[in-house]
$ cat run_27.pdb   # PDB, C-alpha atoms
ATOM      1  CA  MET G  67      -1.320 125.801  27.048  1.00  0.00           C
ATOM      2  CA  ASN G  68      -1.219 124.005  30.350  1.00  0.00           C
ATOM      3  CA  ASP G  69       0.547 124.765  33.617  1.00  0.00           C
ATOM      4  CA  GLU G  70       3.391 122.373  32.886  1.00  0.00           C
ATOM      5  CA  GLU G  71       4.215 124.135  29.594  1.00  0.00           C
ATOM      6  CA  PHE G  72       4.191 127.499  31.331  1.00  0.00           C
ATOM      7  CA  TYR G  73       6.442 126.408  34.196  1.00  0.00           C
ATOM      8  CA  THR G  74       8.869 124.656  31.857  1.00  0.00           C
ATOM      9  CA  PHE G  75       9.029 127.735  29.634  1.00  0.00           C
ATOM     10  CA  ARG G  76       9.512 130.047  32.618  1.00  0.00           C
ATOM     11  CA  THR G  77      12.309 127.865  33.991  1.00  0.00           C
ATOM     12  CA  GLU G  78      14.167 127.843  30.664  1.00  0.00           C
ATOM     13  CA  ILE G  79      13.773 131.605  30.176  1.00  0.00           C
ATOM     14  CA  ARG G  80      14.951 132.302  33.720  1.00  0.00           C
ATOM     15  CA  LYS G  81      18.021 130.098  33.215  1.00  0.00           C
ATOM     16  CA  ASN G  82      19.035 132.089  30.160  1.00  0.00           C
ATOM     17  CA  LEU G  83      18.266 135.458  31.749  1.00  0.00           C
ATOM     18  CA  GLY G  84      20.376 134.535  34.770  1.00  0.00           C
ATOM     19  CA  ARG G  85      23.246 133.446  32.583  1.00  0.00           C
ATOM     20  CA  ILE G  86      23.175 136.800  30.784  1.00  0.00           C
ATOM     21  CA  ILE G  87      23.839 138.462  34.149  1.00  0.00           C
ATOM     22  CA  PHE G  88      26.630 136.117  35.217  1.00  0.00           C
ATOM     23  CA  PHE G  89      28.263 135.613  31.806  1.00  0.00           C
ATOM     24  CA  PRO G  90      27.692 138.824  29.805  1.00  0.00           C
ATOM     25  CA  GLU G  91      30.450 137.882  27.361  1.00  0.00           C
ATOM     26  CA  ASN G  92      28.185 135.069  26.094  1.00  0.00           C
ATOM     27  CA  THR G  93      25.048 137.187  25.733  1.00  0.00           C
ATOM     28  CA  ASN G  94      24.688 136.267  22.064  1.00  0.00           C
ATOM     29  CA  ILE G  95      24.399 132.556  22.893  1.00  0.00           C
ATOM     30  CA  TYR G  96      21.754 133.105  25.559  1.00  0.00           C
ATOM     31  CA  VAL G  97      19.770 135.562  23.456  1.00  0.00           C
ATOM     32  CA  ASP G  98      19.699 132.986  20.646  1.00  0.00           C
ATOM     33  CA  SER G  99      18.289 130.441  23.121  1.00  0.00           C
ATOM     34  CA  ILE G 100      15.672 132.934  24.278  1.00  0.00           C
ATOM     35  CA  ILE G 101      14.684 133.672  20.667  1.00  0.00           C
ATOM     36  CA  GLN G 102      14.236 129.955  19.975  1.00  0.00           C
ATOM     37  CA  LEU G 103      12.133 129.492  23.102  1.00  0.00           C
ATOM     38  CA  ILE G 104       9.889 132.418  22.209  1.00  0.00           C
ATOM     39  CA  GLU G 105       9.480 131.264  18.608  1.00  0.00           C
ATOM     40  CA  LYS G 106       8.444 127.787  19.779  1.00  0.00           C
ATOM     41  CA  ASN G 107       6.094 129.044  22.494  1.00  0.00           C
ATOM     42  CA  GLU G 108       4.849 132.493  21.567  1.00  0.00           C
ATOM     43  CA  GLU G 109       1.510 132.050  23.346  1.00  0.00           C
ATOM     44  CA  VAL G 110       3.253 130.968  26.554  1.00  0.00           C
ATOM     45  CA  PHE G 111       5.686 133.890  26.244  1.00  0.00           C
ATOM     46  CA  LEU G 112       2.818 136.379  26.135  1.00  0.00           C
ATOM     47  CA  VAL G 113       1.427 134.960  29.381  1.00  0.00           C
ATOM     48  CA  TYR G 114       4.918 134.881  30.922  1.00  0.00           C
ATOM     49  CA  ILE G 115       5.792 138.475  30.088  1.00  0.00           C
ATOM     50  CA  LYS G 116       2.583 139.739  31.666  1.00  0.00           C
ATOM     51  CA  ASN G 117       3.461 137.915  34.892  1.00  0.00           C
ATOM     52  CA  CYS G 118       7.244 138.240  35.121  1.00  0.00           C
ATOM     53  CA  THR G 119       9.056 139.968  37.968  1.00  0.00           C
ATOM     54  CA  LYS G 120      10.669 143.397  37.923  1.00  0.00           C
ATOM     55  CA  ASN G 121      14.136 141.809  37.751  1.00  0.00           C
ATOM     56  CA  GLU G 122      13.114 139.655  34.795  1.00  0.00           C
ATOM     57  CA  LYS G 123      11.737 142.735  33.030  1.00  0.00           C
ATOM     58  CA  THR G 124      15.038 144.533  33.645  1.00  0.00           C
ATOM     59  CA  ILE G 125      17.007 141.718  32.019  1.00  0.00           C
ATOM     60  CA  LEU G 126      14.469 141.429  29.182  1.00  0.00           C
ATOM     61  CA  THR G 127      15.080 145.129  28.560  1.00  0.00           C
ATOM     62  CA  LYS G 128      18.796 144.316  28.202  1.00  0.00           C
ATOM     63  CA  VAL G 129      17.864 141.530  25.769  1.00  0.00           C
ATOM     64  CA  LEU G 130      15.700 144.006  23.850  1.00  0.00           C
ATOM     65  CA  ASN G 131      18.564 146.511  23.651  1.00  0.00           C
ATOM     66  CA  TYR G 132      20.906 143.759  22.456  1.00  0.00           C
ATOM     67  CA  LEU G 133      18.398 142.768  19.759  1.00  0.00           C
ATOM     68  CA  LYS G 134      18.121 146.404  18.645  1.00  0.00           C
ATOM     69  CA  GLU G 135      21.903 146.756  18.435  1.00  0.00           C
ATOM     70  CA  THR G 136      22.423 143.556  16.467  1.00  0.00           C
ATOM     71  CA  ASN G 137      19.177 143.440  14.441  1.00  0.00           C
ATOM     72  CA  LYS G 138      19.078 139.680  15.068  1.00  0.00           C
ATOM     73  CA  ASN G 139      15.342 139.148  15.019  1.00  0.00           C
ATOM     74  CA  ARG G 140      12.984 142.053  14.398  1.00  0.00           C
ATOM     75  CA  TYR G 141       9.845 140.058  15.093  1.00  0.00           C
ATOM     76  CA  ILE G 142      10.968 138.950  18.572  1.00  0.00           C
ATOM     77  CA  GLU G 143      12.312 142.441  19.242  1.00  0.00           C
ATOM     78  CA  ASN G 144       8.894 143.945  18.482  1.00  0.00           C
ATOM     79  CA  LEU G 145       7.106 141.268  20.491  1.00  0.00           C
ATOM     80  CA  ILE G 146       9.188 142.002  23.579  1.00  0.00           C
ATOM     81  CA  GLU G 147       8.952 145.759  23.135  1.00  0.00           C
ATOM     82  CA  GLU G 148       5.156 145.740  22.751  1.00  0.00           C
ATOM     83  CA  ASN G 149       4.635 143.634  25.851  1.00  0.00           C
ATOM     84  CA  LEU G 150       7.209 144.997  28.302  1.00  0.00           C
TER      85      LEU G 150
END
$ encode --input "run_27.pdb" --output "structure tokens"
Amino acid sequence: MNDEEFYTFRTEIRKNLGRIIFFPENTNIYVDSIIQLIEKNEEVFLVYIKNCTKNEKTILTKVLNYLKETNKNRYIENLIEENL
């Protein structure tokens, strides 16, 4: 993993997290994008989640709750829960 991968990943995650706040009716679309990003870049996600801001953690908690409600992806759900 290099810096460019990390910053690109962080930018994409932040875009989707921000959209969840502004467009909650489309949460399922943005959560699917987040799942795909994490699946592609799990190593980068683990670094990101250890360094994310309080606001990002708050929104990731909402994503986690959504994943628990819908049972969309247990693996990603557990990954987020273990590292938050």
$ closest_residue --input "run_27.pdb" --among "G:Leu83, G:Val97, G:Met67, G:Leu103" --to "Leu133 of chain G" --atoms "only C-alpha atoms"
G:Val97
$ resolve_selection --input "run_27.pdb" --expression "the PyMOL selection byres ((chain G and resi 149) around 9)" --output "ChimeraX atom specification"
/G:112,115-116,144-148,150
$ residues_around --input "run_27.pdb" --residues "Ile87 of chain G" --least-positions-apart "4" --cutoff "12 Å" --atoms "all atoms listed in the file" --output "PyMOL selection string"
chain G and resi 80-83+91-93+96-97+121-122+124-126+128-129
$ atom_distance --input "run_27.pdb" --atom1 "atom CA of Glu108 of chain G" --atom2 "atom CA of Phe72 of chain G"
11.0 Å
$ axis_aligned_box --input "run_27.pdb" --around "segment 129-141 of chain G" --padding-each-side "3 Å" --output "lines of an AutoDock Vina configuration file"
center_x = 16.1
center_y = 143.0
center_z = 20.1
size_x = 18.6
size_y = 13.6
size_z = 17.4
$ atom_distance --input "run_27.pdb" --atom1 "atom CA of Lys138 of chain G" --atom2 "atom CA of Glu78 of chain G"
20.2 Å
$ residues_around --input "run_27.pdb" --residues "Lys106 of chain G" --least-positions-apart "4" --cutoff "12 Å" --atoms "all atoms listed in the file" --output "PyMOL selection string"
chain G and resi 71+75+99-102+110-111+142
$ closest_residue --input "run_27.pdb" --among "G:Tyr73, G:Asn94, G:Asn117, G:Asn107" --to "Thr136 of chain G" --atoms "only C-alpha atoms"
G:Asn94
$ atom_distance --input "run_27.pdb" --atom1 "atom CA of Phe89 of chain G" --atom2 "atom CA of Val113 of chain G"
27.0 Å
$ build_atoms --input "run_27.pdb" --residues "segment 76-102 of chain G" --atoms "N, CA, C and O atoms" --output "PDB file, in the coordinates of the input"
ATOM      1  N   ARG G  76       9.000 129.050  31.671  1.00  0.00           N
ATOM      2  CA  ARG G  76       9.512 130.047  32.618  1.00  0.00           C
ATOM      3  C   ARG G  76      10.872 129.634  33.167  1.00  0.00           C
ATOM      4  O   ARG G  76      11.791 130.458  33.275  1.00  0.00           O
ATOM      5  N   THR G  77      11.032 128.359  33.475  1.00  0.00           N
ATOM      6  CA  THR G  77      12.309 127.865  33.991  1.00  0.00           C
ATOM      7  C   THR G  77      13.424 128.056  32.966  1.00  0.00           C
ATOM      8  O   THR G  77      14.517 128.523  33.307  1.00  0.00           O
ATOM      9  N   GLU G  78      13.156 127.711  31.716  1.00  0.00           N
ATOM     10  CA  GLU G  78      14.167 127.843  30.664  1.00  0.00           C
ATOM     11  C   GLU G  78      14.523 129.310  30.410  1.00  0.00           C
ATOM     12  O   GLU G  78      15.695 129.654  30.239  1.00  0.00           O
ATOM     13  N   ILE G  79      13.514 130.172  30.376  1.00  0.00           N
ATOM     14  CA  ILE G  79      13.773 131.605  30.176  1.00  0.00           C
ATOM     15  C   ILE G  79      14.604 132.150  31.329  1.00  0.00           C
ATOM     16  O   ILE G  79      15.581 132.878  31.123  1.00  0.00           O
ATOM     17  N   ARG G  80      14.220 131.809  32.549  1.00  0.00           N
ATOM     18  CA  ARG G  80      14.951 132.302  33.720  1.00  0.00           C
ATOM     19  C   ARG G  80      16.401 131.839  33.728  1.00  0.00           C
ATOM     20  O   ARG G  80      17.295 132.576  34.131  1.00  0.00           O
ATOM     21  N   LYS G  81      16.643 130.603  33.301  1.00  0.00           N
ATOM     22  CA  LYS G  81      18.021 130.098  33.215  1.00  0.00           C
ATOM     23  C   LYS G  81      18.849 130.990  32.306  1.00  0.00           C
ATOM     24  O   LYS G  81      19.957 131.397  32.649  1.00  0.00           O
ATOM     25  N   ASN G  82      18.296 131.280  31.126  1.00  0.00           N
ATOM     26  CA  ASN G  82      19.035 132.089  30.160  1.00  0.00           C
ATOM     27  C   ASN G  82      19.177 133.533  30.613  1.00  0.00           C
ATOM     28  O   ASN G  82      20.231 134.143  30.413  1.00  0.00           O
ATOM     29  N   LEU G  83      18.175 134.089  31.240  1.00  0.00           N
ATOM     30  CA  LEU G  83      18.266 135.458  31.749  1.00  0.00           C
ATOM     31  C   LEU G  83      19.329 135.548  32.843  1.00  0.00           C
ATOM     32  O   LEU G  83      20.122 136.498  32.869  1.00  0.00           O
ATOM     33  N   GLY G  84      19.368 134.562  33.716  1.00  0.00           N
ATOM     34  CA  GLY G  84      20.376 134.535  34.770  1.00  0.00           C
ATOM     35  C   GLY G  84      21.786 134.409  34.216  1.00  0.00           C
ATOM     36  O   GLY G  84      22.717 135.049  34.705  1.00  0.00           O
ATOM     37  N   ARG G  85      21.924 133.626  33.188  1.00  0.00           N
ATOM     38  CA  ARG G  85      23.246 133.446  32.583  1.00  0.00           C
ATOM     39  C   ARG G  85      23.722 134.724  31.904  1.00  0.00           C
ATOM     40  O   ARG G  85      24.924 134.981  31.856  1.00  0.00           O
ATOM     41  N   ILE G  86      22.799 135.515  31.386  1.00  0.00           N
ATOM     42  CA  ILE G  86      23.175 136.800  30.784  1.00  0.00           C
ATOM     43  C   ILE G  86      23.809 137.697  31.843  1.00  0.00           C
ATOM     44  O   ILE G  86      24.771 138.403  31.576  1.00  0.00           O
ATOM     45  N   ILE G  87      23.284 137.645  33.060  1.00  0.00           N
ATOM     46  CA  ILE G  87      23.839 138.462  34.149  1.00  0.00           C
ATOM     47  C   ILE G  87      25.225 137.972  34.540  1.00  0.00           C
ATOM     48  O   ILE G  87      26.153 138.759  34.677  1.00  0.00           O
ATOM     49  N   PHE G  88      25.374 136.664  34.713  1.00  0.00           N
ATOM     50  CA  PHE G  88      26.630 136.117  35.217  1.00  0.00           C
ATOM     51  C   PHE G  88      27.708 135.953  34.150  1.00  0.00           C
ATOM     52  O   PHE G  88      28.894 135.952  34.468  1.00  0.00           O
ATOM     53  N   PHE G  89      27.303 135.799  32.897  1.00  0.00           N
ATOM     54  CA  PHE G  89      28.263 135.613  31.806  1.00  0.00           C
ATOM     55  C   PHE G  89      27.934 136.552  30.647  1.00  0.00           C
ATOM     56  O   PHE G  89      27.543 136.105  29.566  1.00  0.00           O
ATOM     57  N   PRO G  90      28.082 137.868  30.852  1.00  0.00           N
ATOM     58  CA  PRO G  90      27.692 138.824  29.805  1.00  0.00           C
ATOM     59  C   PRO G  90      28.482 138.668  28.505  1.00  0.00           C
ATOM     60  O   PRO G  90      27.994 139.058  27.436  1.00  0.00           O
ATOM     61  N   GLU G  91      29.650 138.072  28.583  1.00  0.00           N
ATOM     62  CA  GLU G  91      30.450 137.882  27.361  1.00  0.00           C
ATOM     63  C   GLU G  91      29.798 136.875  26.410  1.00  0.00           C
ATOM     64  O   GLU G  91      30.120 136.834  25.230  1.00  0.00           O
ATOM     65  N   ASN G  92      28.881 136.062  26.922  1.00  0.00           N
ATOM     66  CA  ASN G  92      28.185 135.069  26.094  1.00  0.00           C
ATOM     67  C   ASN G  92      26.733 135.444  25.824  1.00  0.00           C
ATOM     68  O   ASN G  92      25.910 134.578  25.530  1.00  0.00           O
ATOM     69  N   THR G  93      26.425 136.723  25.911  1.00  0.00           N
ATOM     70  CA  THR G  93      25.048 137.187  25.733  1.00  0.00           C
ATOM     71  C   THR G  93      24.447 136.680  24.434  1.00  0.00           C
ATOM     72  O   THR G  93      23.286 136.269  24.400  1.00  0.00           O
ATOM     73  N   ASN G  94      25.224 136.690  23.366  1.00  0.00           N
ATOM     74  CA  ASN G  94      24.688 136.267  22.064  1.00  0.00           C
ATOM     75  C   ASN G  94      24.163 134.830  22.094  1.00  0.00           C
ATOM     76  O   ASN G  94      23.119 134.530  21.517  1.00  0.00           O
ATOM     77  N   ILE G  95      24.829 133.954  22.798  1.00  0.00           N
ATOM     78  CA  ILE G  95      24.399 132.556  22.893  1.00  0.00           C
ATOM     79  C   ILE G  95      23.065 132.464  23.631  1.00  0.00           C
ATOM     80  O   ILE G  95      22.144 131.772  23.189  1.00  0.00           O
ATOM     81  N   TYR G  96      22.964 133.178  24.741  1.00  0.00           N
ATOM     82  CA  TYR G  96      21.754 133.105  25.559  1.00  0.00           C
ATOM     83  C   TYR G  96      20.578 133.803  24.894  1.00  0.00           C
ATOM     84  O   TYR G  96      19.447 133.341  25.014  1.00  0.00           O
ATOM     85  N   VAL G  97      20.844 134.880  24.185  1.00  0.00           N
ATOM     86  CA  VAL G  97      19.770 135.562  23.456  1.00  0.00           C
ATOM     87  C   VAL G  97      19.249 134.653  22.343  1.00  0.00           C
ATOM     88  O   VAL G  97      18.041 134.581  22.117  1.00  0.00           O
ATOM     89  N   ASP G  98      20.143 133.938  21.675  1.00  0.00           N
ATOM     90  CA  ASP G  98      19.699 132.986  20.646  1.00  0.00           C
ATOM     91  C   ASP G  98      18.789 131.915  21.242  1.00  0.00           C
ATOM     92  O   ASP G  98      17.775 131.545  20.650  1.00  0.00           O
ATOM     93  N   SER G  99      19.132 131.442  22.438  1.00  0.00           N
ATOM     94  CA  SER G  99      18.289 130.441  23.121  1.00  0.00           C
ATOM     95  C   SER G  99      16.930 131.028  23.473  1.00  0.00           C
ATOM     96  O   SER G  99      15.901 130.363  23.323  1.00  0.00           O
ATOM     97  N   ILE G 100      16.924 132.261  23.933  1.00  0.00           N
ATOM     98  CA  ILE G 100      15.672 132.934  24.278  1.00  0.00           C
ATOM     99  C   ILE G 100      14.810 133.111  23.034  1.00  0.00           C
ATOM    100  O   ILE G 100      13.598 132.864  23.064  1.00  0.00           O
ATOM    101  N   ILE G 101      15.419 133.506  21.932  1.00  0.00           N
ATOM    102  CA  ILE G 101      14.684 133.672  20.667  1.00  0.00           C
ATOM    103  C   ILE G 101      14.033 132.355  20.267  1.00  0.00           C
ATOM    104  O   ILE G 101      12.859 132.314  19.892  1.00  0.00           O
ATOM    105  N   GLN G 102      14.785 131.260  20.337  1.00  0.00           N
ATOM    106  CA  GLN G 102      14.236 129.955  19.975  1.00  0.00           C
ATOM    107  C   GLN G 102      13.079 129.558  20.875  1.00  0.00           C
ATOM    108  O   GLN G 102      12.062 129.048  20.398  1.00  0.00           O
TER     109      GLN G 102
END
